[in-house]
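Source file protein-v2.tsv; content: TSV, C-alpha atoms.
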```
chain	number	residue	atom	x	y	z
V	1	MET	CA	104.15	125.30	140.49
V	2	ALA	CA	101.50	127.67	139.15
V	3	GLY	CA	100.49	130.19	141.77
V	4	ARG	CA	102.80	128.95	144.53
V	5	VAL	CA	104.16	131.71	146.77
V	6	ALA	CA	107.97	131.77	146.82
V	7	LEU	CA	110.35	133.89	148.88
V	8	VAL	CA	113.93	134.36	147.72
V	9	THR	CA	116.14	136.01	150.32
V	10	GLY	CA	118.84	138.20	148.84
V	11	GLY	CA	116.89	138.11	145.59
V	12	SER	CA	117.97	141.43	144.13
V	13	ARG	CA	121.30	140.39	142.66
V	14	GLY	CA	123.47	137.52	141.47
V	15	ILE	CA	122.25	133.96	142.01
V	16	GLY	CA	119.23	135.13	144.04
V	17	ARG	CA	118.03	137.29	141.20
V	18	ALA	CA	118.28	134.39	138.74
V	19	ILE	CA	116.35	132.17	141.19
V	20	ALA	CA	113.58	134.75	141.57
V	21	GLU	CA	113.34	135.05	137.78
V	22	ARG	CA	113.36	131.28	137.29
V	23	LEU	CA	110.63	130.62	139.87
V	24	ALA	CA	108.51	133.40	138.38
V	25	ALA	CA	108.98	131.88	134.91
V	26	ASP	CA	107.82	128.56	136.40
V	27	GLY	CA	104.60	130.25	137.52
V	28	CYS	CA	105.37	131.15	141.14
V	29	ARG	CA	104.34	134.42	142.73
V	30	VAL	CA	107.66	135.66	144.03
V	31	ALA	CA	108.66	137.83	146.97
V	32	VAL	CA	112.09	139.29	146.24
V	33	ASN	CA	113.84	140.13	149.49
V	34	TYR	CA	116.54	142.76	149.59
V	35	HIS	CA	118.48	144.34	152.43
V	36	THR	CA	120.09	147.48	151.06
V	37	ARG	CA	119.53	147.46	147.29
V	38	ARG	CA	115.92	148.48	146.91
V	39	ASP	CA	116.60	149.76	143.39
V	40	ALA	CA	117.98	146.39	142.30
V	41	ALA	CA	115.02	144.50	143.82
V	42	ASP	CA	112.55	146.84	142.10
V	43	GLU	CA	114.32	146.16	138.82
V	44	VAL	CA	113.97	142.38	139.29
V	45	VAL	CA	110.28	142.78	140.13
V	46	ALA	CA	109.70	145.05	137.10
V	47	GLY	CA	111.41	142.51	134.84
V	48	ILE	CA	109.25	139.66	136.13
V	49	ARG	CA	106.07	141.72	135.70
V	50	SER	CA	107.06	142.74	132.17
V	51	ARG	CA	107.14	139.04	131.29
V	52	GLY	CA	103.66	138.53	132.73
V	53	GLY	CA	104.77	137.19	136.10
V	54	GLU	CA	103.80	138.25	139.61
V	55	ALA	CA	106.36	139.58	142.09
V	56	ILE	CA	106.83	142.01	144.95
V	57	ALA	CA	109.94	143.46	146.59
V	58	VAL	CA	110.22	143.03	150.37
V	59	GLY	CA	112.94	144.78	152.34
V	60	GLY	CA	114.45	143.43	155.52
V	61	ASP	CA	117.60	142.26	157.25
V	62	VAL	CA	117.10	138.48	157.31
V	63	GLY	CA	119.57	138.11	160.16
V	64	ASP	CA	117.21	140.02	162.46
V	65	VAL	CA	114.37	138.24	164.31
V	66	GLU	CA	111.90	141.11	164.20
V	67	ALA	CA	112.66	142.08	160.61
V	68	VAL	CA	112.02	138.47	159.54
V	69	ALA	CA	108.68	138.38	161.39
V	70	ALA	CA	107.63	141.67	159.77
V	71	MET	CA	108.71	140.46	156.33
V	72	PHE	CA	106.70	137.22	156.58
V	73	ALA	CA	103.64	139.17	157.74
V	74	ALA	CA	103.98	141.54	154.78
V	75	ILE	CA	104.31	138.65	152.31
V	76	GLU	CA	101.32	136.83	153.79
V	77	THR	CA	99.19	139.96	153.41
V	78	ALA	CA	100.31	140.62	149.84
V	79	LEU	CA	100.60	137.10	148.40
V	80	GLY	CA	99.64	134.54	151.06
V	81	PRO	CA	101.75	132.15	153.17
V	82	VAL	CA	105.21	131.27	151.83
V	83	GLU	CA	105.16	127.81	150.23
V	84	ILE	CA	108.64	127.81	148.71
V	85	LEU	CA	111.50	129.36	150.69
V	86	VAL	CA	114.89	129.90	149.12
V	87	ASN	CA	117.55	130.81	151.67
V	88	ASN	CA	119.95	132.58	149.38
V	89	ALA	CA	121.08	135.72	151.23
V	90	GLY	CA	124.80	135.68	151.74
V	91	ILE	CA	127.90	137.78	152.12
V	92	THR	CA	131.62	137.15	152.27
V	93	ALA	CA	134.28	138.76	154.45
V	94	ASP	CA	137.33	136.74	153.47
V	95	ASP	CA	140.56	136.64	155.42
V	96	LEU	CA	143.03	134.09	156.69
V	97	LEU	CA	141.88	132.69	160.01
V	98	LEU	CA	144.72	134.30	161.95
V	99	ARG	CA	143.75	137.71	160.63
V	100	MET	CA	140.00	137.20	160.77
V	101	LYS	CA	138.37	139.67	163.13
V	102	PRO	CA	135.41	138.56	165.29
V	103	GLU	CA	133.24	141.10	163.44
V	104	ALA	CA	133.99	139.39	160.11
V	105	TRP	CA	133.18	136.00	161.61
V	106	GLU	CA	129.94	137.14	163.20
V	107	ALA	CA	128.66	139.12	160.23
V	108	VAL	CA	129.09	136.18	157.87
V	109	ILE	CA	127.50	133.64	160.24
V	110	ARG	CA	124.61	136.01	160.89
V	111	THR	CA	123.75	136.81	157.29
V	112	ASN	CA	124.43	133.37	155.82
V	113	LEU	CA	123.30	131.03	158.61
V	114	ASP	CA	121.20	132.83	161.26
V	115	SER	CA	119.05	134.10	158.40
V	116	ALA	CA	118.27	130.57	157.22
V	117	TYR	CA	117.34	129.48	160.74
V	118	LEU	CA	115.02	132.46	161.19
V	119	CYS	CA	113.37	132.29	157.77
V	120	THR	CA	112.99	128.51	157.79
V	121	ARG	CA	111.37	128.62	161.23
V	122	ALA	CA	108.97	131.32	160.08
V	123	ALA	CA	108.11	129.54	156.83
V	124	VAL	CA	107.68	126.03	158.21
V	125	ARG	CA	104.84	127.17	160.42
V	126	GLY	CA	102.66	127.91	157.39
V	127	MET	CA	103.95	124.89	155.50
V	128	LEU	CA	102.86	122.58	158.33
V	129	LYS	CA	99.33	123.91	158.06
V	130	ALA	CA	99.36	123.45	154.29
V	131	LYS	CA	101.05	120.03	154.60
V	132	TRP	CA	103.20	121.07	151.65
V	133	GLY	CA	106.39	123.07	151.42
V	134	ARG	CA	109.82	123.45	149.89
V	135	VAL	CA	112.86	124.83	151.66
V	136	ILE	CA	115.97	125.21	149.53
V	137	SER	CA	119.15	126.70	150.94
V	138	ILE	CA	122.00	127.92	148.78
V	139	THR	CA	125.14	126.55	150.35
V	140	SER	CA	128.54	126.28	148.61
V	141	VAL	CA	131.20	123.82	147.63
V	142	ALA	CA	133.27	125.77	150.20
V	143	GLY	CA	130.96	124.35	152.88
V	144	ILE	CA	131.80	120.80	151.77
V	145	SER	CA	135.50	121.04	150.90
V	146	GLY	CA	136.57	124.18	152.78
V	147	ASN	CA	138.42	127.05	151.17
V	148	PRO	CA	141.46	128.96	152.43
V	149	GLY	CA	140.54	132.50	153.45
V	150	GLN	CA	136.91	131.55	153.92
V	151	ALA	CA	136.74	129.88	157.34
V	152	ASN	CA	133.71	131.99	158.28
V	153	TYR	CA	131.92	131.52	154.95
V	154	ALA	CA	132.68	127.78	154.80
V	155	ALA	CA	131.52	127.31	158.41
V	156	ALA	CA	128.25	129.10	157.66
V	157	LYS	CA	127.72	127.12	154.46
V	158	ALA	CA	128.49	123.82	156.22
V	159	GLY	CA	126.04	124.92	158.91
V	160	LEU	CA	123.35	125.29	156.26
V	161	ILE	CA	123.88	121.66	155.28
V	162	GLY	CA	123.39	120.51	158.90
V	163	LEU	CA	120.30	122.69	159.20
V	164	THR	CA	118.93	121.28	155.94
V	165	LYS	CA	119.40	117.64	156.93
V	166	SER	CA	117.99	118.10	160.46
V	167	VAL	CA	114.89	120.00	159.38
V	168	ALA	CA	114.34	117.53	156.52
V	169	LYS	CA	114.03	114.80	159.15
V	170	GLU	CA	111.78	116.91	161.40
V	171	VAL	CA	109.17	117.85	158.81
V	172	GLY	CA	109.41	115.12	156.17
V	173	SER	CA	106.28	113.39	157.43
V	174	ARG	CA	104.28	116.55	156.70
V	175	GLY	CA	104.95	116.79	152.97
V	176	ILE	CA	107.73	119.37	153.30
V	177	THR	CA	111.06	118.77	151.58
V	178	VAL	CA	114.25	120.52	152.66
V	179	ASN	CA	117.26	120.54	150.37
V	180	ALA	CA	120.38	122.50	149.54
V	181	VAL	CA	122.12	123.53	146.35
V	182	ALA	CA	125.90	123.85	146.45
V	183	PRO	CA	127.30	126.00	143.65
V	184	GLY	CA	130.98	126.14	142.83
V	185	PHE	CA	132.38	129.20	141.05
V	186	VAL	CA	129.57	131.24	139.51
V	187	ALA	CA	129.98	134.48	137.58
V	188	THR	CA	128.49	137.08	139.96
V	189	ASP	CA	129.57	140.31	141.67
V	190	MET	CA	130.81	138.12	144.53
V	191	THR	CA	133.29	136.19	142.37
V	192	GLU	CA	134.08	139.30	140.28
V	193	ALA	CA	135.56	140.71	143.48
V	194	LEU	CA	138.11	137.88	143.54
V	195	GLY	CA	140.14	139.50	140.76
V	196	ASP	CA	141.32	138.08	137.41
V	197	SER	CA	144.32	136.16	138.72
V	198	VAL	CA	142.31	134.21	141.31
V	199	ARG	CA	139.61	133.41	138.77
V	200	GLU	CA	142.15	132.27	136.14
V	201	ALA	CA	143.82	130.04	138.73
V	202	ALA	CA	140.50	128.38	139.59
V	203	LEU	CA	139.68	127.28	136.05
V	204	PRO	CA	141.99	124.22	135.72
V	205	ALA	CA	140.24	122.58	138.70
V	206	ILE	CA	136.82	122.83	137.02
V	207	ALA	CA	136.09	119.84	134.76
V	208	LEU	CA	133.87	121.91	132.49
V	209	GLY	CA	136.60	124.58	132.29
V	210	ARG	CA	134.42	127.59	133.00
V	211	PHE	CA	132.50	129.37	135.72
V	212	GLY	CA	128.80	128.62	136.04
V	213	THR	CA	126.07	131.14	135.34
V	214	PRO	CA	123.34	132.20	137.80
V	215	PRO	CA	120.57	130.65	135.65
V	216	GLU	CA	122.39	127.29	135.84
V	217	ILE	CA	122.15	127.41	139.63
V	218	ALA	CA	118.56	128.63	139.46
V	219	ALA	CA	117.65	125.61	137.30
V	220	ALA	CA	118.67	123.29	140.15
V	221	VAL	CA	116.49	125.31	142.56
V	222	GLY	CA	113.62	125.17	140.06
V	223	TYR	CA	113.87	121.39	140.01
V	224	LEU	CA	113.96	121.01	143.80
V	225	ALA	CA	110.96	123.36	144.13
V	226	SER	CA	108.93	121.39	141.60
V	227	ASP	CA	106.62	118.42	142.08
V	228	ASP	CA	109.15	116.34	140.15
V	229	ALA	CA	111.40	116.53	143.22
V	230	ALA	CA	108.69	115.40	145.66
V	231	TYR	CA	110.76	112.38	146.76
V	232	VAL	CA	114.04	114.28	147.19
V	233	THR	CA	114.79	115.60	150.67
V	234	GLY	CA	117.84	116.20	152.86
V	235	HIS	CA	119.92	116.33	149.70
V	236	VAL	CA	122.79	118.63	148.77
V	237	LEU	CA	122.76	119.09	145.00
V	238	VAL	CA	126.24	120.11	143.88
V	239	VAL	CA	126.23	122.34	140.78
V	240	ASP	CA	129.89	123.16	140.26
V	241	GLY	CA	130.89	122.11	136.75
V	242	GLY	CA	132.89	119.24	138.17
V	243	LEU	CA	135.02	121.20	140.62
V	244	SER	CA	134.67	119.00	143.68
V	245	PHE	CA	133.82	115.41	142.73
I	1	MET	CA	83.65	130.12	176.75
I	2	ASP	CA	83.02	127.35	179.30
I	3	ARG	CA	85.24	124.37	179.89
I	4	ALA	CA	82.93	121.86	178.20
I	5	THR	CA	83.00	123.93	175.00
I	6	VAL	CA	86.80	124.13	175.04
I	7	GLU	CA	87.02	120.37	175.66
I	8	ALA	CA	84.68	119.67	172.74
I	9	LYS	CA	86.60	121.96	170.38
I	10	MET	CA	89.86	120.42	171.52
I	11	THR	CA	88.55	116.94	170.73
I	12	ASP	CA	87.43	118.08	167.28
I	13	LEU	CA	90.88	119.54	166.57
I	14	LEU	CA	92.60	116.32	167.62
I	15	VAL	CA	90.36	114.34	165.30
I	16	ASP	CA	90.43	116.76	162.36
I	17	GLU	CA	94.03	118.03	162.50
I	18	LEU	CA	95.92	115.05	163.86
I	19	GLY	CA	93.66	112.27	162.65
I	20	LEU	CA	93.19	110.74	166.11
I	21	ASP	CA	90.52	108.20	167.04
I	22	ARG	CA	87.77	110.10	168.88
I	23	GLY	CA	87.15	107.16	171.19
I	24	LYS	CA	90.70	107.28	172.59
I	25	ILE	CA	90.62	110.94	173.58
I	26	THR	CA	90.20	111.55	177.31
I	27	MET	CA	91.29	114.56	179.33
I	28	GLY	CA	93.91	112.43	181.08
I	29	ALA	CA	95.37	110.99	177.88
I	30	LYS	CA	99.05	111.77	177.29
I	31	PHE	CA	99.77	113.03	173.79
I	32	GLU	CA	102.97	111.14	173.14
I	33	GLU	CA	102.41	107.96	175.15
I	34	ASP	CA	98.66	107.32	174.93
I	35	LEU	CA	97.72	109.02	171.67
I	36	GLU	CA	100.97	108.42	169.74
I	37	VAL	CA	101.25	112.07	168.72
I	38	ASP	CA	104.88	112.89	167.91
I	39	SER	CA	106.55	116.01	169.28
I	40	LEU	CA	105.95	117.91	166.04
I	41	GLY	CA	102.28	116.90	166.26
I	42	VAL	CA	102.03	118.56	169.67
I	43	VAL	CA	103.52	121.73	168.18
I	44	GLU	CA	100.99	121.58	165.33
I	45	LEU	CA	98.15	121.13	167.81
I	46	LEU	CA	99.25	124.17	169.80
I	47	MET	CA	99.40	126.22	166.60
I	48	ALA	CA	95.87	125.09	165.77
I	49	LEU	CA	94.71	125.98	169.30
I	50	GLU	CA	96.17	129.45	168.91
I	51	ASP	CA	94.26	129.92	165.66
I	52	THR	CA	91.01	128.39	166.91
I	53	PHE	CA	90.82	130.19	170.25
I	54	GLY	CA	92.71	133.35	169.33
I	55	VAL	CA	95.17	132.90	172.17
I	56	SER	CA	98.96	132.94	172.29
I	57	ILE	CA	100.77	130.08	174.03
I	58	PRO	CA	104.42	130.89	174.81
I	59	ASP	CA	106.98	128.16	174.10
I	60	GLU	CA	107.92	127.84	177.80
I	61	GLU	CA	104.33	126.96	178.70
I	62	ALA	CA	103.89	124.77	175.66
I	63	GLU	CA	106.76	122.55	176.80
I	64	SER	CA	104.95	121.64	180.04
I	65	ILE	CA	101.82	120.40	178.27
I	66	THR	CA	101.74	116.61	178.12
I	67	THR	CA	98.04	115.71	178.43
I	68	VAL	CA	94.85	116.78	176.68
I	69	GLY	CA	93.51	118.19	179.97
I	70	GLN	CA	96.62	120.32	180.46
I	71	ALA	CA	96.14	121.79	177.00
I	72	VAL	CA	92.54	122.64	177.96
I	73	ASP	CA	93.81	124.22	181.21
I	74	VAL	CA	96.21	126.47	179.31
I	75	VAL	CA	93.53	127.55	176.83
I	76	MET	CA	91.09	128.30	179.69
I	77	GLU	CA	93.77	130.31	181.47
I	78	LYS	CA	94.54	132.35	178.35
I	79	LEU	CA	90.86	132.95	177.58
I	80	ALA	CA	90.35	134.21	181.13
I	81	GLY	CA	93.09	136.70	180.27
```
As structure tokens - that is how I would like this structure written.
Amino acid sequence: MAGRVALVTGGSRGIGRAIAERLAADGCRVAVNYHTRRDAADEVVAGIRSRGGEAIAVGGDVGDVEAVAAMFAAIETALGPVEILVNNAGITADDLLLRMKPEAWEAVIRTNLDSAYLCTRAAVRGMLKAKWGRVISITSVAGISGNPGQANYAAAKAGLIGLTKSVAKEVGSRGITVNAVAPGFVATDMTEALGDSVREAALPAIALGRFGTPPEIAAAVGYLASDDAAYVTGHVLVVDGGLSF
Amino acid sequence: MDRATVEAKMTDLLVDELGLDRGKITMGAKFEEDLEVDSLGVVELLMALEDTFGVSIPDEEAESITTVGQAVDVVMEKLAG
């Protein structure tokens, strides 16, 4: 993957950060997108550079049409057209359905699903010209099995799977693969917010008896982005320690 | 740019970008039916036209293009400004 241009949305923290670091270690030139945490994105970029890699931080709300267009233009100027897109940006706004406000529904669908539609559309244009590309979306076991309190998040994550499979069929003949990675419980700020009791209660359901780490998710992304995965498309790779099988 | 030049460049693009047989390309040929270009191929062609001629073809207009000649018409129209 030496020299390939990769964009990781929501790359400043958690799983996105580990993906940016992994792709950089694999030789990609990485654009680390952030929305609000410029300082965190700069830190990721500095870390990658200190290890001899190439990276830039690019700000932008990936749920916004114009911000996405501006971000892709900035990346193309700095690094070249995006060849590997990782749709990772995501938020949660958990609540039981009956208490879920429309704002919580819309915000989660926008950041987790609209963003992937907008970024994939922008990236595929360049990939078609190159006749090579990788689109990898970070979905969730919640999008496959559902999760109480996460109707909005699970709907968005299930939507990513439908997007992945449809686009895989549209662009497969042009050398572009489109896949998804579905993590289970991973130790990040997002799961830290669940509280100790919720996290303890989740453990018995996980065959491996522990939460995953961000680098373990990033390894799956690294594989799907590589030439080794050239014949894998439309696939949802579950990386959940045996939570959902 | 005159029409003959646009037609010649269009033919080159169809051969180079979409791998079509030069002998089959006529201005009346329909992309999907006569030239067996799939719908994504038409989109790719329009992207290539935009790059080659420096024009912008809005999606609404792109949808009405079904023949090679119609694509030439749209490019001519855009070049005329």
(message) Which residue is closest to chain V? Choose from I:Ile65, I:Val55, I:Met76, I:Val43 and count all atoms listed in the file.
(response) I:Val43
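What separates CA of Arg38 in chain V from CA of Asp61 in chain V is a distance of 12.2 Å.
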(message) Please determine, counting all atoms listed in the file, which residue among V:Ile15, V:Ala20, V:Leu237, V:Ala41 has the shortest atom-to-atom distance to Ala187 in chain V.
(response) V:Ile15
(request) Please report as a ChimeraX atom specification which residues of chain V come no farther than 10 Å from chain I, using only C-alpha atoms. (result) /V:125-126,128-129,170-171,173-174
(message) Just checking: using only C-alpha atoms, which residue out of I:Asp16, I:Asp2, I:Glu33, I:Asp59 ends up closest to Leu79 in chain I?
(response) I:Asp2
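Interatomic distance, CA of Ile25 in chain I to CA of Phe53 in chain I: 19.5 Å.
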(request) Mind checking which residues fall within 12 Å of Glu106 in chain V, counting only C-alpha atoms, ignoring those fewer than 3 positions away in the same chain, and posting them as a VMD selection string? (result) chain V and resid 63 91 to 93 100 to 103 109 to 114 151 to 153 155 to 156
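One finds CA of Leu79 in chain V at 18.4 Å from CA of Arg51 in chain V.
The residues that lie within 12 Å of the point (138.2, 116.3, 143.4), counting all atoms listed in the file, are Val141, Ile144, Ser145, Pro204, Ala205, Ile206, Ala207, Asp240, Gly241, Gly242, Leu243, Ser244 and Phe245 of chain V.
Counting all atoms listed in the file and comparing V:Val86, V:Leu96, V:Val238, V:Val108, the residue that lies closest to Ala18 in chain V is V:Val86.
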(message) Which residues are near Ile56 in chain V? Cut-off 12 Å, only C-alpha atoms, ignore same chain within fewer than 3 positions. Put them as a ChimeraX atom specification.
(response) /V:5-8,11-12,20-21,24,28-34,38,41-49,53,59,71,74-79
